[in-house]
>>> print(open('my_file_30.txt').read())   # compact mmCIF, C-alpha atoms
# COMPACT_ATOMS: atom_id res chain seq x y z
CA PHE A 1 50.42 -18.67 -13.32
CA LEU A 2 48.24 -18.52 -10.23
CA ASN A 3 46.35 -21.79 -9.71
CA ILE A 4 43.00 -20.85 -8.19
CA ASN A 5 40.16 -23.12 -7.12
CA VAL A 6 36.81 -21.41 -6.53
CA GLY A 7 34.09 -23.64 -5.13
CA GLY A 8 35.63 -26.74 -6.75
CA LYS A 9 36.27 -25.22 -10.19
CA PRO A 10 39.94 -24.61 -11.17
CA PHE A 11 41.13 -21.40 -12.87
CA GLN A 12 44.53 -20.22 -14.05
CA ILE A 13 45.42 -16.53 -14.17
CA ALA A 14 48.79 -15.18 -15.26
CA CYS A 15 50.59 -13.36 -12.44
CA LYS A 16 51.54 -10.55 -14.82
CA VAL A 17 47.86 -9.99 -15.73
CA ALA A 18 46.63 -10.13 -12.12
CA ALA A 19 49.37 -7.71 -10.99
CA ARG A 20 47.82 -4.95 -13.14
CA TYR A 21 45.13 -4.63 -10.46
CA PRO A 22 47.12 -4.78 -7.18
CA ILE A 23 44.26 -3.56 -4.98
CA THR A 24 42.08 -6.58 -5.86
CA ARG A 25 42.27 -9.87 -3.96
CA ILE A 26 43.78 -11.83 -6.87
CA GLY A 27 46.09 -8.89 -7.63
CA LYS A 28 47.39 -8.95 -4.05
CA LEU A 29 47.89 -12.70 -4.36
CA ALA A 30 50.12 -12.08 -7.43
CA VAL A 31 52.01 -9.13 -5.89
CA TYR A 32 52.68 -10.41 -2.34
CA THR A 33 55.88 -12.37 -1.75
CA ASP A 34 55.22 -13.23 1.89
CA PRO A 35 53.48 -16.68 2.04
CA THR A 36 51.73 -15.75 5.32
CA LYS A 37 50.00 -12.75 3.71
CA LYS A 38 48.97 -14.92 0.75
CA LEU A 39 47.37 -17.51 3.04
CA LYS A 40 45.31 -14.78 4.73
CA LEU A 41 43.77 -13.91 1.34
CA CYS A 42 42.41 -17.42 0.65
CA ASP A 43 40.46 -20.07 2.58
CA ASP A 44 42.94 -22.90 2.01
CA TYR A 45 46.11 -23.80 0.13
CA SER A 46 47.20 -27.07 -1.52
CA VAL A 47 51.00 -27.49 -1.42
CA GLN A 48 50.99 -30.43 -3.85
CA ARG A 49 49.03 -28.57 -6.51
CA ASN A 50 50.26 -25.08 -5.57
CA GLU A 51 46.59 -24.12 -5.63
CA TYR A 52 44.74 -21.45 -3.67
CA PHE A 53 41.22 -22.43 -2.63
CA PHE A 54 38.33 -19.96 -2.19
CA ASP A 55 34.99 -21.10 -0.82
CA ARG A 56 32.98 -18.71 -3.00
CA ASP A 57 30.47 -18.89 -5.85
CA PRO A 58 32.26 -20.17 -9.00
CA THR A 59 29.48 -18.83 -11.26
CA ILE A 60 30.20 -15.22 -10.26
CA PHE A 61 33.95 -15.82 -10.40
CA HIS A 62 33.60 -16.47 -14.14
CA TYR A 63 32.86 -12.72 -14.48
CA VAL A 64 35.88 -11.91 -12.29
CA PHE A 65 38.08 -14.27 -14.33
CA HIS A 66 36.89 -12.62 -17.54
CA PHE A 67 37.69 -9.21 -16.04
CA TYR A 68 41.37 -10.09 -15.56
CA ARG A 69 41.57 -11.32 -19.14
CA SER A 70 39.73 -8.42 -20.83
CA GLY A 71 39.82 -5.55 -18.32
CA VAL A 72 36.02 -5.20 -18.48
CA LEU A 73 33.55 -6.48 -15.89
CA TRP A 74 30.50 -7.88 -17.68
CA ILE A 75 27.14 -8.40 -15.96
CA ARG A 76 24.37 -10.68 -17.21
CA ASP A 77 20.66 -10.18 -16.63
CA GLU A 78 20.08 -13.50 -14.87
CA VAL A 79 22.49 -12.65 -12.02
CA CYS A 80 21.02 -11.68 -8.65
CA PRO A 81 22.19 -8.07 -8.10
CA SER A 82 22.65 -8.37 -4.32
CA HIS A 83 24.64 -11.60 -4.62
CA PHE A 84 26.73 -10.21 -7.49
CA VAL A 85 27.65 -7.01 -5.59
CA GLU A 86 28.53 -9.04 -2.48
CA GLU A 87 30.82 -11.35 -4.48
CA ILE A 88 32.69 -8.68 -6.44
CA GLU A 89 33.23 -6.73 -3.20
CA TYR A 90 34.88 -9.85 -1.78
CA TRP A 91 37.18 -10.06 -4.80
CA GLY A 92 38.01 -6.36 -4.44
CA LEU A 93 36.43 -5.22 -7.69
CA HIS A 94 34.31 -2.13 -8.24
CA LEU A 95 31.35 -1.50 -10.51
CA LYS A 96 33.34 1.25 -12.23
CA TYR A 97 35.17 -1.51 -14.15
CA SER A 98 31.88 -2.48 -15.84
CA GLN A 99 30.33 -0.88 -18.91
CA ARG A 100 27.76 1.88 -18.40
CA CYS A 101 24.94 -0.19 -19.91
CA CYS A 102 25.68 -3.04 -17.49
CA ARG A 103 25.71 -0.66 -14.51
CA ILE A 104 22.37 0.83 -15.52
CA LEU A 105 20.78 -2.62 -15.84
CA LEU A 106 22.21 -3.71 -12.49
CA GLU A 107 21.00 -0.55 -10.74
CA GLU A 108 17.52 -1.02 -12.23
CA LYS A 109 17.43 -4.60 -10.97
CA GLN A 110 18.62 -3.45 -7.54
CA ASP A 111 15.83 -0.85 -7.43
CA GLU A 112 13.27 -3.46 -8.50
CA LEU A 113 14.53 -5.86 -5.85
CA SER A 114 14.45 -3.25 -3.09
CA GLU A 115 10.94 -2.18 -4.16
CA TYR A 116 9.82 -5.81 -4.18
CA LEU A 117 11.23 -6.41 -0.68
CA LYS A 118 9.61 -3.20 0.56
CA ILE A 119 6.21 -4.27 -0.81
CA GLN A 120 6.62 -7.74 0.70
CA LYS A 121 7.36 -6.18 4.08
CA GLU A 122 4.31 -3.92 3.87
CA LEU A 123 2.12 -6.83 2.77
CA GLU A 124 3.28 -8.80 5.81
CA ALA A 125 2.53 -5.74 7.96
CA GLU A 126 -1.04 -5.79 6.56
CA LEU A 127 -1.45 -9.23 8.10
CA GLU A 128 0.60 -8.51 11.21
CA PRO A 129 -2.34 -9.06 13.62
CA LEU A 130 -2.60 -12.64 12.31
CA ALA A 131 1.01 -13.32 13.31
CA SER A 132 1.23 -11.52 16.66
CA ALA A 133 -0.02 -14.25 18.99
CA GLU A 134 3.43 -14.59 20.53
CA HIS A 135 3.26 -10.97 21.77
CA PHE A 136 1.08 -12.08 24.69
CA GLU A 137 3.79 -14.17 26.31
CA GLY A 138 4.76 -12.79 29.70
CA LYS A 139 1.96 -10.17 29.69
CA CYS A 140 -0.68 -9.72 32.39
CA LEU A 141 -3.50 -12.26 31.81
CA GLY A 142 -1.67 -13.27 28.63
CA ASN A 143 -3.60 -16.47 27.96
CA PHE A 144 -6.98 -14.79 28.58
CA ARG A 145 -6.13 -11.83 26.32
CA LYS A 146 -4.78 -14.17 23.66
CA ALA A 147 -8.04 -16.14 23.70
CA ILE A 148 -10.08 -12.94 23.27
CA TRP A 149 -7.69 -11.75 20.57
CA ASN A 150 -8.12 -14.99 18.61
CA LEU A 151 -11.88 -14.72 19.03
CA ILE A 152 -12.02 -11.16 17.64
CA GLU A 153 -9.06 -10.85 15.28
CA ASN A 154 -8.50 -14.34 13.87
CA PRO A 155 -11.70 -15.75 12.34
CA TYR A 156 -9.87 -18.93 11.26
CA SER A 157 -8.87 -19.88 14.81
CA SER A 158 -12.22 -21.41 15.83
CA VAL A 159 -15.90 -21.72 14.93
CA PRO A 160 -17.01 -19.05 17.47
CA ALA A 161 -14.42 -16.65 15.99
CA LYS A 162 -15.86 -17.27 12.52
CA ILE A 163 -19.39 -16.64 13.84
CA ILE A 164 -18.31 -13.33 15.41
CA ALA A 165 -16.68 -12.26 12.13
CA VAL A 166 -19.90 -13.04 10.24
CA MET A 167 -21.96 -11.22 12.89
CA SER A 168 -19.70 -8.17 12.61
CA SER A 169 -20.26 -7.97 8.85
CA PHE A 170 -24.00 -8.60 9.37
CA PHE A 171 -24.34 -5.75 11.89
CA VAL A 172 -22.46 -3.40 9.56
CA LEU A 173 -24.94 -4.16 6.77
CA ILE A 174 -27.91 -3.81 9.15
CA SER A 175 -26.58 -0.45 10.35
CA ILE A 176 -26.15 0.85 6.78
CA VAL A 177 -29.62 -0.37 5.79
CA GLY A 178 -31.10 1.24 8.92
CA MET A 179 -29.39 4.57 8.18
CA THR A 180 -30.68 4.41 4.60
CA LEU A 181 -34.28 3.61 5.62
CA SER A 182 -34.28 6.40 8.24
CA THR A 183 -34.18 8.94 5.39
CA VAL A 184 -37.32 7.48 3.74
CA GLU A 185 -40.37 9.67 4.34
CA GLU A 186 -42.62 6.73 5.32
CA MET A 187 -40.14 5.67 8.03
CA LYS A 188 -40.05 9.10 9.70
CA HIS A 189 -43.30 8.63 11.62
CA LYS A 190 -43.27 7.72 15.31
CA ILE A 191 -43.30 3.89 15.02
CA GLY A 192 -40.75 3.73 12.17
CA LYS A 193 -38.46 6.19 13.94
CA LYS A 194 -38.65 4.13 17.14
CA TRP A 195 -37.69 0.97 15.26
CA MET A 196 -34.75 2.70 13.60
CA GLU A 197 -33.52 4.01 16.95
CA GLN A 198 -33.68 0.53 18.46
CA VAL A 199 -31.75 -0.97 15.53
CA GLU A 200 -29.14 1.78 15.84
CA MET A 201 -28.83 1.17 19.59
CA ILE A 202 -28.33 -2.61 19.12
CA CYS A 203 -25.69 -2.05 16.42
CA ALA A 204 -23.90 0.55 18.56
CA ILE A 205 -23.83 -1.83 21.55
CA PHE A 206 -22.37 -4.62 19.41
CA PHE A 207 -19.73 -2.34 17.85
CA THR A 208 -18.80 -0.93 21.27
CA SER A 209 -18.43 -4.42 22.77
CA GLU A 210 -16.30 -5.46 19.80
CA TYR A 211 -14.07 -2.38 20.15
CA LEU A 212 -13.62 -2.86 23.91
CA MET A 213 -12.74 -6.54 23.43
CA ARG A 214 -10.10 -5.54 20.88
CA LEU A 215 -8.76 -2.88 23.25
CA ILE A 216 -8.56 -5.33 26.18
CA SER A 217 -6.91 -8.06 24.11
CA SER A 218 -4.39 -5.75 22.42
CA SER A 219 -0.76 -6.63 23.18
CA SER A 220 0.35 -2.98 22.70
CA PHE A 221 -1.91 0.00 23.44
CA GLN A 222 0.16 2.36 21.24
CA LYS A 223 -0.02 0.04 18.23
CA PHE A 224 -3.75 -0.39 18.81
CA LEU A 225 -4.37 3.35 18.61
CA ARG A 226 -2.18 3.73 15.50
CA ALA A 227 -3.90 0.91 13.58
CA ALA A 228 -6.14 2.16 10.76
CA PHE A 229 -8.85 -0.49 11.28
CA ASN A 230 -9.18 0.43 14.97
CA ALA A 231 -9.61 4.08 14.02
CA VAL A 232 -12.42 3.02 11.67
CA ASP A 233 -14.04 1.07 14.52
CA LEU A 234 -13.88 4.14 16.76
CA VAL A 235 -15.43 6.36 14.06
CA ALA A 236 -18.19 3.75 13.65
CA ILE A 237 -19.33 3.99 17.29
CA LEU A 238 -18.63 7.65 18.16
CA PRO A 239 -21.66 9.18 16.31
CA PHE A 240 -24.14 7.26 18.48
CA TYR A 241 -22.65 8.53 21.76
CA ILE A 242 -22.04 12.06 20.47
CA GLN A 243 -25.68 12.23 19.40
CA ILE A 244 -26.80 11.15 22.89
CA LEU A 245 -24.45 13.73 24.43
CA PHE A 246 -25.85 16.54 22.26
CA GLU A 247 -29.43 15.57 23.05
CA ASN A 248 -28.73 15.71 26.79
CA LEU A 249 -26.86 19.03 26.81
CA ASP A 250 -30.06 21.10 26.89
CA ASP A 251 -32.71 21.48 29.57
CA ALA A 252 -34.71 18.49 30.77
CA ASP A 253 -37.86 19.62 29.01
CA THR A 254 -36.10 19.36 25.60
CA LEU A 255 -35.44 15.64 26.00
CA TYR A 256 -38.76 14.66 24.43
CA HIS A 257 -38.39 13.81 20.74
CA GLU A 258 -41.19 16.16 19.64
CA GLU A 259 -39.67 19.19 21.38
CA LEU A 260 -36.19 18.20 20.26
CA HIS A 261 -37.42 18.03 16.69
CA LYS A 262 -38.83 21.56 17.01
CA MET A 263 -35.56 22.78 18.53
CA GLU A 264 -33.53 21.22 15.71
CA ASN A 265 -35.47 23.21 13.15
CA VAL A 266 -34.53 26.52 14.74
CA SER A 267 -31.02 25.88 16.07
CA LYS A 268 -27.62 24.79 14.87
CA LEU A 269 -27.88 21.60 16.93
CA GLY A 270 -29.96 19.94 14.23
CA LYS A 271 -27.26 20.53 11.59
CA VAL A 272 -24.56 19.16 13.89
CA LEU A 273 -26.65 16.06 14.64
CA LYS A 274 -27.24 15.46 10.94
CA LEU A 275 -23.51 15.69 10.29
CA ILE A 276 -22.77 13.28 13.15
CA LYS A 277 -25.40 10.83 11.88
CA LEU A 278 -23.83 11.00 8.44
CA MET A 279 -20.55 9.78 9.94
CA ARG A 280 -22.21 6.39 10.39
CA ILE A 281 -21.60 5.76 6.68
CA PHE A 282 -17.96 5.08 7.59
CA ARG A 283 -19.12 1.84 9.21
CA ILE A 284 -19.02 0.25 5.79
CA LEU A 285 -15.23 0.49 6.00
CA LYS A 286 -15.39 -2.12 8.78
CA LEU A 287 -16.05 -4.70 6.07
CA ALA A 288 -12.42 -4.26 4.94
CA ARG A 289 -11.30 -6.04 8.12
CA HIS A 290 -12.73 -9.33 6.83
CA SER A 291 -12.38 -8.68 3.08
CA THR A 292 -9.10 -9.44 1.33
CA GLY A 293 -10.31 -7.66 -1.80
CA LEU A 294 -10.97 -4.36 0.01
CA ARG A 295 -7.63 -4.55 1.79
CA ALA A 296 -5.85 -5.27 -1.49
CA PHE A 297 -7.64 -2.28 -3.06
CA GLY A 298 -6.56 0.05 -0.26
CA PHE A 299 -3.01 -1.30 -0.44
CA THR A 300 -2.98 -0.74 -4.23
CA ILE A 301 -4.05 2.89 -3.84
CA ARG A 302 -1.33 3.45 -1.22
CA GLN A 303 1.35 1.90 -3.40
CA CYS A 304 0.20 3.72 -6.56
CA TYR A 305 -0.34 7.12 -4.95
CA GLN A 306 2.22 8.73 -7.27
CA GLN A 307 0.41 7.49 -10.39
CA VAL A 308 -2.96 8.50 -8.92
CA CYS A 309 -1.68 11.99 -8.03
CA CYS A 310 -0.21 12.28 -11.52
CA LEU A 311 -3.61 11.35 -12.99
CA PHE A 312 -5.35 14.04 -10.93
CA LEU A 313 -2.72 16.54 -12.06
CA PHE A 314 -3.45 15.72 -15.72
CA ILE A 315 -7.19 16.00 -15.07
CA ALA A 316 -6.71 19.42 -13.43
CA MET A 317 -4.56 20.58 -16.37
CA GLY A 318 -7.19 19.33 -18.83
CA VAL A 319 -10.02 21.04 -16.95
CA PHE A 320 -8.23 24.40 -16.85
CA THR A 321 -7.05 24.18 -20.48
CA PHE A 322 -10.32 23.12 -22.12
CA SER A 323 -12.51 25.36 -19.95
CA ALA A 324 -10.40 28.36 -21.06
CA LEU A 325 -10.63 27.30 -24.73
CA MET A 326 -14.38 26.75 -24.48
CA HIS A 327 -14.93 30.12 -22.82
CA SER A 328 -12.94 31.81 -25.62
CA ALA A 329 -15.04 30.05 -28.27
CA GLU A 330 -18.50 30.50 -26.67
CA HIS A 331 -18.51 33.64 -24.52
CA ASP A 332 -19.94 35.84 -27.34
CA VAL A 333 -22.93 33.53 -27.98
CA PRO A 334 -26.20 35.02 -26.59
CA GLY A 335 -27.58 33.03 -23.63
CA THR A 336 -24.45 30.86 -23.32
CA ASN A 337 -23.68 29.04 -20.08
CA PHE A 338 -19.94 29.56 -20.61
CA THR A 339 -20.00 33.08 -19.18
CA SER A 340 -16.64 32.62 -17.43
CA ILE A 341 -13.86 30.07 -17.13
CA PRO A 342 -14.95 28.90 -13.62
CA TYR A 343 -18.46 28.26 -15.02
CA ALA A 344 -16.88 26.08 -17.71
CA TRP A 345 -14.98 23.94 -15.20
CA TRP A 346 -17.99 21.68 -14.58
CA TRP A 347 -18.46 21.05 -18.31
CA ALA A 348 -14.74 20.28 -18.74
CA ALA A 349 -14.68 17.88 -15.76
CA VAL A 350 -17.77 16.02 -17.00
CA SER A 351 -16.42 15.81 -20.55
CA LEU A 352 -12.96 14.62 -19.44
CA SER A 353 -14.55 11.84 -17.40
CA THR A 354 -16.51 10.82 -20.57
CA VAL A 355 -19.76 10.95 -18.54
CA GLY A 356 -21.29 13.77 -20.58
CA TYR A 357 -24.49 14.82 -18.77
CA GLY A 358 -25.47 17.12 -21.61
CA ASP A 359 -26.66 19.87 -19.24
CA ILE A 360 -24.19 22.32 -20.85
CA VAL A 361 -23.34 22.02 -24.55
CA PRO A 362 -21.47 24.28 -27.01
CA ASP A 363 -23.41 26.03 -29.79
CA THR A 364 -20.65 27.09 -32.19
CA VAL A 365 -18.60 24.91 -34.54
CA LEU A 366 -15.37 25.98 -32.84
CA GLY A 367 -16.85 25.10 -29.46
CA ARG A 368 -17.79 21.62 -30.70
CA ILE A 369 -14.25 21.09 -32.00
CA VAL A 370 -12.91 22.04 -28.55
CA ALA A 371 -15.44 19.64 -26.97
CA PHE A 372 -14.30 16.83 -29.28
CA GLY A 373 -10.68 17.47 -28.27
CA CYS A 374 -11.64 17.47 -24.60
CA ILE A 375 -13.51 14.15 -24.89
CA SER A 376 -10.67 12.55 -26.88
CA PHE A 377 -8.13 13.69 -24.30
CA GLY A 378 -10.36 12.27 -21.55
CA ILE A 379 -10.55 8.84 -23.25
CA ILE A 380 -6.75 8.67 -23.55
CA LEU A 381 -6.28 9.94 -20.00
CA ASN A 382 -8.72 7.46 -18.42
CA GLY A 383 -7.14 4.54 -20.26
CA MET A 384 -3.62 5.23 -18.98
CA PRO A 385 -3.73 4.10 -15.33
CA ILE A 386 -6.23 1.24 -15.64
CA SER A 387 -3.73 -1.42 -16.68
CA ILE A 388 -1.22 -0.32 -14.01
CA LEU A 389 -3.78 -0.31 -11.21
CA TYR A 390 -5.41 -3.58 -12.29
CA ASN A 391 -2.11 -5.45 -12.62
CA LYS A 392 -0.91 -4.25 -9.24
CA PHE A 393 -4.28 -4.98 -7.61
CA SER A 394 -4.38 -8.56 -8.93
CA ASP A 395 -0.76 -9.09 -7.85
CA TYR A 396 -1.30 -7.69 -4.32
CA TYR A 397 -4.57 -9.60 -3.94
CA ALA A 398 -2.86 -12.89 -4.83
CA LYS A 399 0.00 -12.17 -2.41
CA LEU A 400 -2.34 -11.20 0.44
CA LYS A 401 -4.38 -14.34 -0.15
CA ALA A 402 -1.20 -16.46 -0.18
CA HIS A 403 0.00 -14.84 3.08
CA GLU A 404 -3.39 -15.47 4.70
CA ASN A 405 -3.36 -19.14 3.65
CA GLU A 406 0.20 -19.49 4.96
CA THR A 407 -0.76 -17.97 8.29
>>> encode(input="my_file_30.txt", output="structure tokens")
Amino acid sequence: FLNINVGGKPFQIACKVAARYPITRIGKLAVYTDPTKKLKLCDDYSVQRNEYFFDRDPTIFHYVFHFYRSGVLWIRDEVCPSHFVEEIEYWGLHLKYSQRCCRILLEEKQDELSEYLKIQKELEAELEPLASAEHFEGKCLGNFRKAIWNLIENPYSSVPAKIIAVMSSFFVLISIVGMTLSTVEEMKHKIGKKWMEQVEMICAIFFTSEYLMRLISSSSFQKFLRAAFNAVDLVAILPFYIQILFENLDDADTLYHEELHKMENVSKLGKVLKLIKLMRIFRILKLARHSTGLRAFGFTIRQCYQQVCCLFLFIAMGVFTFSALMHSAEHDVPGTNFTSIPYAWWWAAVSLSTVGYGDIVPDTVLGRIVAFGCISFGIILNGMPISILYNKFSDYYAKLKAHENET
């Protein structure tokens, strides 16, 4: 017998049994006759007990010990897959000695573990700005830039930083309210328009100052440009300056608001300006910088993009299928709105979403049966991803919150 001690637990394996697998570590220990080679295979050797000592996990070695007795490598669910693979590689065993069901379970656990580690890494990357203070060491004006960075990026660093974070959210809301009120007819007269322009100018100045402070305090210019939140900040301030640029491109006599308004009605400049002004709606995305819930929602959509794309694929299939069926059932009815399949797409999309505006309805019995099938399919379809998205959102939100509290 081979007397083996693994992590303080003794085992005895017959040399004849271990020699069946000569490429394994214990098999080599049974086959080799040179004592020097045997000592290289173990961590220590007791002459008195004739015992080979291995400083390894005795729990995993139970599976190895069972393998030499039965010829099958069993794997239990509670074993860590990475640790198990590392241990059996040390003992010279291969997963091919295990049963197929055990291999499948182990591979599934390995995939789950790798996915979990990937998500953890991406969650930490979400909060990377909160942990990058050390990047300023050795940089030009490092302490000054670090102070500005803490003031702008880390609202928990000081009271002024918290005030600036609150002000940033406040100016976003003021800007959105101002953009909304500018479309009201009563606010389009001279005084109301002047007030709206002043509010827009104040908000633009604040957002520009905030962006420049972030740019100055950034430890890496390339990372700053690649960051999604910084791109949102840039989109939030660009419309104001593009609008000013467009208004000053023409002759000096068109700078007055009355003449500019007349010019906008007869030129393409007005349409471009309206489109640029509409871009200000993206300022609401700035709230995600200080909202864990919005960041968790965006992270959930990114992680579940495959399920979301699959949902859209099912919706598209349902729209095409039920619009074709409805057109076949209703196209002969006088005065029908289902004159073609493309005309029936809107009805199918509304019915699948279970909104049901009622602007287009079938008249025949067969058409109503198709409509019932479309609505039923929509209910089943809409119920599928809700549990997945909600569970992942709540999980990511809790993890983001925990990371923030840790930081």
>>> residues_around(input="my_file_30.txt", residues="range 304-321 of chain A", least_positions_apart="5", cutoff="7 Å", atoms="only C-alpha atoms", output="PDB file with C-alpha atoms, in the frame of the given file")
ATOM      1  CA  TRP A 345     -14.980  23.940 -15.200  1.00  0.00           C
ATOM      2  CA  ALA A 348     -14.740  20.280 -18.740  1.00  0.00           C
ATOM      3  CA  ALA A 349     -14.680  17.880 -15.760  1.00  0.00           C
TER       4      ALA A 349
END
>>> closest_residue(input="my_file_30.txt", among="A:Trp346, A:Phe207, A:Phe67, A:Phe297", to="Met167 in chain A", atoms="only C-alpha atoms")
A:Phe207
>>> closest_residue(input="my_file_30.txt", among="A:Ile341, A:Arg283, A:Lys401, A:Cys42", to="Val232 in chain A", atoms="all atoms listed in the file")
A:Arg283
>>> atom_distance(input="my_file_30.txt", atom1="CA of Val64 in chain A", atom2="CA of Ile88 in chain A")
7.4 Å
>>> residues_around(input="my_file_30.txt", residues="Leu238 in chain A", least_positions_apart="2", cutoff="9 Å", atoms="all atoms listed in the file", output="list in words")
Ala204, Asp233, Leu234, Val235, Ala236, Phe240, Tyr241, Ile242, Gln243, Ile276, Met279 and Arg280 of chain A
>>> atom_distance(input="my_file_30.txt", atom1="CA of Trp149 in chain A", atom2="CA of Asn405 in chain A")
19.0 Å
>>> atom_distance(input="my_file_30.txt", atom1="CA of Ala228 in chain A", atom2="CA of Thr183 in chain A")
29.3 Å
>>> residues_around(input="my_file_30.txt", residues="Ala30 in chain A", least_positions_apart="3", cutoff="12 Å", atoms="only C-alpha atoms", output="list in words")
Phe1, Leu2, Asn3, Ile4, Gln12, Ile13, Ala14, Cys15, Lys16, Val17, Ala18, Ala19, Arg20, Tyr21, Pro22, Ile23, Thr24, Arg25, Ile26, Gly27, Thr33, Asp34, Pro35, Lys37, Lys38, Leu41 and Tyr52 of chain A
>>> residues_near_point(input="my_file_30.txt", point="(32.4, -4.9, -22.1)", cutoff="7 Å", atoms="only C-alpha atoms", output="list in words")
Val72, Leu73, Trp74, Ser98 and Gln99 of chain A
>>> residues_around(input="my_file_30.txt", residues="range 377-387 of chain A", least_positions_apart="5", cutoff="7 Å", atoms="only C-alpha atoms", output="PyMOL selection string")
chain A and resi 352-354
>>> closest_residue(input="my_file_30.txt", among="A:Lys392, A:Arg69, A:His403, A:His94", to="Gly298 in chain A", atoms="all atoms listed in the file")
A:Lys392
